[in-house]
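Down below is the structure, laid out as structure tokens.
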Amino acid sequence: MTDSNRSVYTNKVLPEETGDLEKCGSDSVDSKDEAAEDESDFPSGVALWSILGPVTIAYFLVFLDMCVVSTATPAITERFNSLVDVGWYGGAYQLGSSALQPLTGKIYSHFNIKWSFLAFFFLFELGSAICGAAVSSPMFIVGRAIAGAGSSGIGNGAMTIISVILPRRKQAQFLGMNMGIGQLGIALGPILGGAFTQNITWRWCFYINLPIGGALAILLFLFKIPEPTTKLAPRQVLSTAIKSLDLPGFMLVSPAAVMFLLALQYGGTMHPWNSPVVIGLLVGAAVTFILFLVWEYQQGDGAMVPFAMIRKRTVWSAAGNLFFLLGAILVAEYYLAIYFQIVLNNSPIMSGVHMLPATLGLVLFTMLSGMMTEILGYYLPWNLGGSAMTAIGYGLMSMIKPTTSSSKWLGYQVLYGVGSGAMTSAPYIAIQNLVPPPQIPIAMAIIIFCQNMGGAVFLIAANSVFTNGLRKELQKHIGEIGVNPDVLLSTGLSSIRSFVLGDKLTAALKCYTTAISHVMYLGIGVSVATFVFGWGLGWVDIRKVKQLQAIKGNPASTAPNTKEGMDSTEESTIA
């Protein structure tokens with residue numbers, strides 16, 4: 001298959017306005033809109049799996065790197081005498097990822113998909129190497145930021161590659177598999193981090209990415225990834241980079257994201273929420289973001305975030321759904337670990353083992369929902385049913401006490417994990433069935449950016465809810481515990497058994513579980529919000545293959561299906 005042939009196929013458009021595809025919450029199509037995709041146009045056999053395999057494992061390494069640091073952090077802080085830097089070990093990764101995320105869509109739209117993915121993956125590997133070789137805490141933090149910047153393009157690249165190497169009717173199944181295997185890193189991260197730290201060295205938490213990554217890069221290097229449209233030479237793109245990549249937009253949204261996340265990092269920890277530093281960061285983020293929106297509106301279809309695209313119900317619903325969805329997944333993951341390690345006194349490895357019902361449910365049902373969506377055709381029931389089940393799971397987990405039997409907390413985790421997995425892939429499937437392949441990188445950059453910001457916001461919110469709730473409970477029961485709450489909070493979570501024993505310890509642990517319950521209430525709210533936004537994804541049968549229109553600010557300019565019309569459409573989708 002030649003790139004030009006593929007371009008003709010994917011850019012074939014209808015003269016109707018794009019909005020007609022989204023009437024009344026349904027994307028059903030008439031027979032004139034249906035088109036059979038010729039599967040011979042797509043890679044198959046060894047070529048297909050030599051692309052899908054490395055892309056999926058790269059996605060897995062990103063999730064592994066995100067979670068492996070949790071159980072390695074105590075050893076890292078001991079090595080560098082850097083307890084005050086703990087917040088930056090996760091925050092630097094988050095900042096690096098969020099700052100570069102909006103630009104990834106433009107990069108994949110204008111540059112070769114394979115080389116763009118390999119460039120992001122190299123950046124991720126470089127960050128891992130720096131972390132493993134770090135001789136100081138600042139060096140480690142810089143490595144985490146670089147790895148985060150690399151990870152920003154791996155998720156978008158994985159979705160983009162799946163959209164161009166598979167026919168649309170098969171994308172749901174492989175998208176579920178990709179995300180499921182990728183999220184296995186969430187399950188294995190804490191366990192592997194604890195195992196490496198206890199038995200070898202924490203440095204192998206990061207070195208492990210290097211040999212695996214090298215093998216993946218070689219496989220991707222050997223096989224061609226088809227391009228959905230003809231692209232300009234890199235030199236031509238770079239010569240007009242300010243306009244083609246919307247660099248002014250990037251220079252506005254990136255600082256806005258960084259200032260907002262820094263305010264969340266600092267607020268209530270390093271500085272009070274009403275301090276000039278936090279207020280200044282929040283105001284700076286708001287002003288810069290407003291300027292970004294004004295700039296993007298003026299750029300029209302050439303914007304990094306085209307307004308014509310975010311006005312689509314499916315796009316803003318997917319963005320809102322993912323904003324809350326990642327929070328719904330991560331909040332319980334973090335605070336179940338606290339319950340197991342602090343309340344039940346598990347080791348880091350055993351806490352990871354006890355969380356397997358939730359994480360394996362997440363992984364398995366992410367895959368299953370994708371496969372069943374391909375068979376049954378509809379993704380909306382999985383998203384709505386999964387978010388409802390997740391809310392119920394959070395409700396049950398809010399009742400956990402120090403004396404709760406293992407059969408109960410295992411069952412609660414299964415409900416939460418299955419629900420989280422079932423709802424995960426629907427927003428991505430909805431986007432891939434709304435926009436043509438040339439526009440998928442832009443759409444994915446929008447929704448993944450919202451997903452990452454949501455994860456950051458709700459982890460910070462959960463930390464605030466937990467800390468304030470714990471302080472209040474400890475103060476309320478200070479007579480039973482006999483220790484000042486400030487002493488317990490300032491010494492770290494794992495030190496409680498060094499200060500209180502016997503009945504006093506029992507009373508203190510009840511305070512911890514009450515604070516964890518408050519966090520689970522937040523999880524209920526986040527899950528319900530996911531359910532609400534899920535309705536906007538639309539009742540769509542993906543088995544009906546339809547010709548996708550480019551989403552443009554001026555649909556009337558779309559020409560009929562002629563060579564000239566396709567050329568103009570191609571220019572629009574590249575812009």
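Convention: chains lettered A, B, ... in structure tokens order; per-chain residue numbering from 1; ligands numbered from 1 as shown.
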_Residue contacts of segment 350-359 of chain A (9 Å, only C-alpha atoms) excluding same-chain residues fewer than 2 positions away, as an NGL selection string_ = :A and (183-184 or 186-191 or 194 or 333 or 336-341 or 345-348 or 361-364 or 410-418 or 420-421)
For the selection you just gave me, I'd like the residues written to a file as a tab-separated table (two decimals), in the first residue's frame, keeping N, CA and C atoms.
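Result went into again23.tsv, see below:
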```tsv
chain	number	residue	atom	x	y	z
A	183	GLN	N	-1.95	-0.84	31.34
A	183	GLN	CA	-2.32	-0.58	32.72
A	183	GLN	C	-1.93	-1.71	33.67
A	184	LEU	N	-1.46	-2.82	33.10
A	184	LEU	CA	-0.88	-3.84	33.96
A	184	LEU	C	0.31	-3.27	34.73
A	186	ILE	N	0.26	-0.56	36.27
A	186	ILE	CA	-0.26	-0.05	37.54
A	186	ILE	C	-0.23	-1.15	38.59
A	187	ALA	N	-0.56	-2.39	38.16
A	187	ALA	CA	-0.58	-3.52	39.09
A	187	ALA	C	0.82	-3.94	39.49
A	188	LEU	N	1.72	-3.99	38.50
A	188	LEU	CA	3.06	-4.52	38.76
A	188	LEU	C	4.03	-3.47	39.30
A	189	GLY	N	3.73	-2.18	39.07
A	189	GLY	CA	4.65	-1.12	39.48
A	189	GLY	C	5.03	-1.18	40.96
A	190	PRO	N	4.06	-1.14	41.89
A	190	PRO	CA	4.43	-1.19	43.30
A	190	PRO	C	5.14	-2.48	43.70
A	191	ILE	N	4.74	-3.60	43.09
A	191	ILE	CA	5.36	-4.89	43.44
A	191	ILE	C	6.80	-4.94	42.95
A	194	GLY	N	9.02	-2.53	44.94
A	194	GLY	CA	9.40	-3.09	46.23
A	194	GLY	C	10.42	-4.20	46.11
A	333	GLU	N	-6.43	3.66	44.18
A	333	GLU	CA	-5.14	2.98	44.11
A	333	GLU	C	-4.19	3.51	45.19
A	336	LEU	N	-5.90	2.88	48.98
A	336	LEU	CA	-5.92	1.47	49.39
A	336	LEU	C	-4.53	1.05	49.85
A	337	ALA	N	-3.49	1.56	49.16
A	337	ALA	CA	-2.12	1.24	49.58
A	337	ALA	C	-1.85	1.75	50.99
A	338	ILE	N	-2.35	2.94	51.30
A	338	ILE	CA	-2.19	3.48	52.67
A	338	ILE	C	-2.94	2.60	53.67
A	339	TYR	N	-4.13	2.15	53.31
A	339	TYR	CA	-4.90	1.28	54.21
A	339	TYR	C	-4.13	-0.01	54.51
A	340	PHE	N	-3.59	-0.62	53.47
A	340	PHE	CA	-2.88	-1.89	53.68
A	340	PHE	C	-1.57	-1.70	54.44
A	341	GLN	N	-0.80	-0.66	54.09
A	341	GLN	CA	0.52	-0.50	54.71
A	341	GLN	C	0.45	0.09	56.11
A	345	ASN	N	-0.66	-2.88	58.36
A	345	ASN	CA	0.78	-3.10	58.59
A	345	ASN	C	1.40	-4.06	57.58
A	346	ASN	N	0.97	-3.97	56.32
A	346	ASN	CA	1.56	-4.77	55.25
A	346	ASN	C	2.90	-4.18	54.83
A	347	SER	N	3.79	-5.02	54.30
A	347	SER	CA	5.00	-4.53	53.65
A	347	SER	C	4.60	-3.93	52.30
A	348	PRO	N	5.47	-3.12	51.67
A	348	PRO	CA	5.13	-2.56	50.35
A	348	PRO	C	4.78	-3.64	49.33
A	361	GLY	N	-8.67	-6.59	37.95
A	361	GLY	CA	-10.00	-6.30	37.42
A	361	GLY	C	-9.95	-5.16	36.43
A	362	LEU	N	-9.17	-4.13	36.75
A	362	LEU	CA	-8.98	-3.00	35.84
A	362	LEU	C	-8.40	-3.45	34.51
A	363	VAL	N	-7.34	-4.26	34.57
A	363	VAL	CA	-6.66	-4.70	33.36
A	363	VAL	C	-7.56	-5.60	32.52
A	364	LEU	N	-8.13	-6.63	33.14
A	364	LEU	CA	-8.91	-7.62	32.40
A	364	LEU	C	-10.14	-7.00	31.75
A	410	LEU	N	-11.63	-7.55	49.67
A	410	LEU	CA	-11.34	-8.15	48.37
A	410	LEU	C	-12.51	-7.96	47.40
A	411	GLY	N	-13.72	-8.22	47.89
A	411	GLY	CA	-14.90	-8.06	47.04
A	411	GLY	C	-15.14	-6.63	46.62
A	412	TYR	N	-14.93	-5.69	47.55
A	412	TYR	CA	-15.10	-4.28	47.21
A	412	TYR	C	-14.12	-3.87	46.11
A	413	GLN	N	-12.88	-4.37	46.21
A	413	GLN	CA	-11.87	-4.04	45.21
A	413	GLN	C	-12.23	-4.58	43.84
A	414	VAL	N	-12.77	-5.81	43.82
A	414	VAL	CA	-13.16	-6.41	42.55
A	414	VAL	C	-14.21	-5.54	41.86
A	415	LEU	N	-15.21	-5.09	42.62
A	415	LEU	CA	-16.26	-4.25	42.06
A	415	LEU	C	-15.70	-2.96	41.50
A	416	TYR	N	-14.84	-2.32	42.27
A	416	TYR	CA	-14.21	-1.07	41.82
A	416	TYR	C	-13.31	-1.31	40.61
A	417	GLY	N	-12.50	-2.38	40.64
A	417	GLY	CA	-11.57	-2.64	39.55
A	417	GLY	C	-12.27	-2.99	38.25
A	418	VAL	N	-13.30	-3.85	38.33
A	418	VAL	CA	-14.06	-4.23	37.13
A	418	VAL	C	-14.74	-3.00	36.53
A	420	SER	N	-13.87	0.19	36.86
A	420	SER	CA	-12.87	1.10	36.31
A	420	SER	C	-12.38	0.62	34.95
A	421	GLY	N	-12.15	-0.68	34.84
A	421	GLY	CA	-11.68	-1.22	33.56
A	421	GLY	C	-12.74	-1.13	32.48
```
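Residues in contact with Phe458 of chain A at 10 Å, where only C-alpha atoms are counted and same-chain residues fewer than 5 positions away are skipped, are listed as Phe323, Phe324, Leu326, Gly327, Ala328, Leu330, Val331, Met453, Asn463, Ser464, Leu522, Gly523 and Val526 of chain A.
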_Val519 of chain A environment, 9 Å, only C-alpha atoms, sequence neighbours closer than 5 positions dropped, as a VMD selection string_ = chain A and resid 331 to 332 335 398 461 to 463 465 to 466 469 514 524
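Computed from the coordinates, the atom CA of Val258 of chain A to atom CA of Gly284 of chain A distance equals 10.2 Å.
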*Leu282 of chain A: which residues within 8 Å, counting only C-alpha atoms, same-chain residues fewer than 2 positions away excluded, as a ChimeraX atom specification?*
/A:259-260,263,278-280,284-286
Take the residues that were just selected and, keeping N, CA and C atoms, output them as a PDB file, in the first residue's frame.
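Once written, result-v6.pdb looks like this:
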```
ATOM      1  N   MET A 259       1.996  26.292  35.894  1.00  0.00           N
ATOM      2  CA  MET A 259       1.646  27.138  37.043  1.00  0.00           C
ATOM      3  C   MET A 259       0.489  26.540  37.834  1.00  0.00           C
ATOM      4  N   PHE A 260      -0.489  25.986  37.135  1.00  0.00           N
ATOM      5  CA  PHE A 260      -1.633  25.395  37.824  1.00  0.00           C
ATOM      6  C   PHE A 260      -1.202  24.195  38.660  1.00  0.00           C
ATOM      7  N   ALA A 263       0.786  25.267  41.692  1.00  0.00           N
ATOM      8  CA  ALA A 263      -0.097  25.783  42.742  1.00  0.00           C
ATOM      9  C   ALA A 263      -0.712  24.640  43.536  1.00  0.00           C
ATOM     10  N   VAL A 278       0.860  30.839  46.113  1.00  0.00           N
ATOM     11  CA  VAL A 278      -0.181  29.975  45.543  1.00  0.00           C
ATOM     12  C   VAL A 278      -1.198  30.807  44.771  1.00  0.00           C
ATOM     13  N   ILE A 279      -1.638  31.919  45.361  1.00  0.00           N
ATOM     14  CA  ILE A 279      -2.615  32.775  44.665  1.00  0.00           C
ATOM     15  C   ILE A 279      -2.023  33.322  43.370  1.00  0.00           C
ATOM     16  N   GLY A 280      -0.751  33.728  43.417  1.00  0.00           N
ATOM     17  CA  GLY A 280      -0.103  34.234  42.211  1.00  0.00           C
ATOM     18  C   GLY A 280      -0.025  33.191  41.111  1.00  0.00           C
ATOM     19  N   GLY A 284      -1.937  33.553  37.657  1.00  0.00           N
ATOM     20  CA  GLY A 284      -1.116  33.489  36.443  1.00  0.00           C
ATOM     21  C   GLY A 284      -1.580  32.397  35.508  1.00  0.00           C
ATOM     22  N   ALA A 285      -1.940  31.238  36.058  1.00  0.00           N
ATOM     23  CA  ALA A 285      -2.441  30.128  35.227  1.00  0.00           C
ATOM     24  C   ALA A 285      -3.747  30.519  34.545  1.00  0.00           C
ATOM     25  N   ALA A 286      -4.649  31.169  35.293  1.00  0.00           N
ATOM     26  CA  ALA A 286      -5.947  31.543  34.723  1.00  0.00           C
ATOM     27  C   ALA A 286      -5.785  32.574  33.611  1.00  0.00           C
TER      28      ALA A 286
END
```
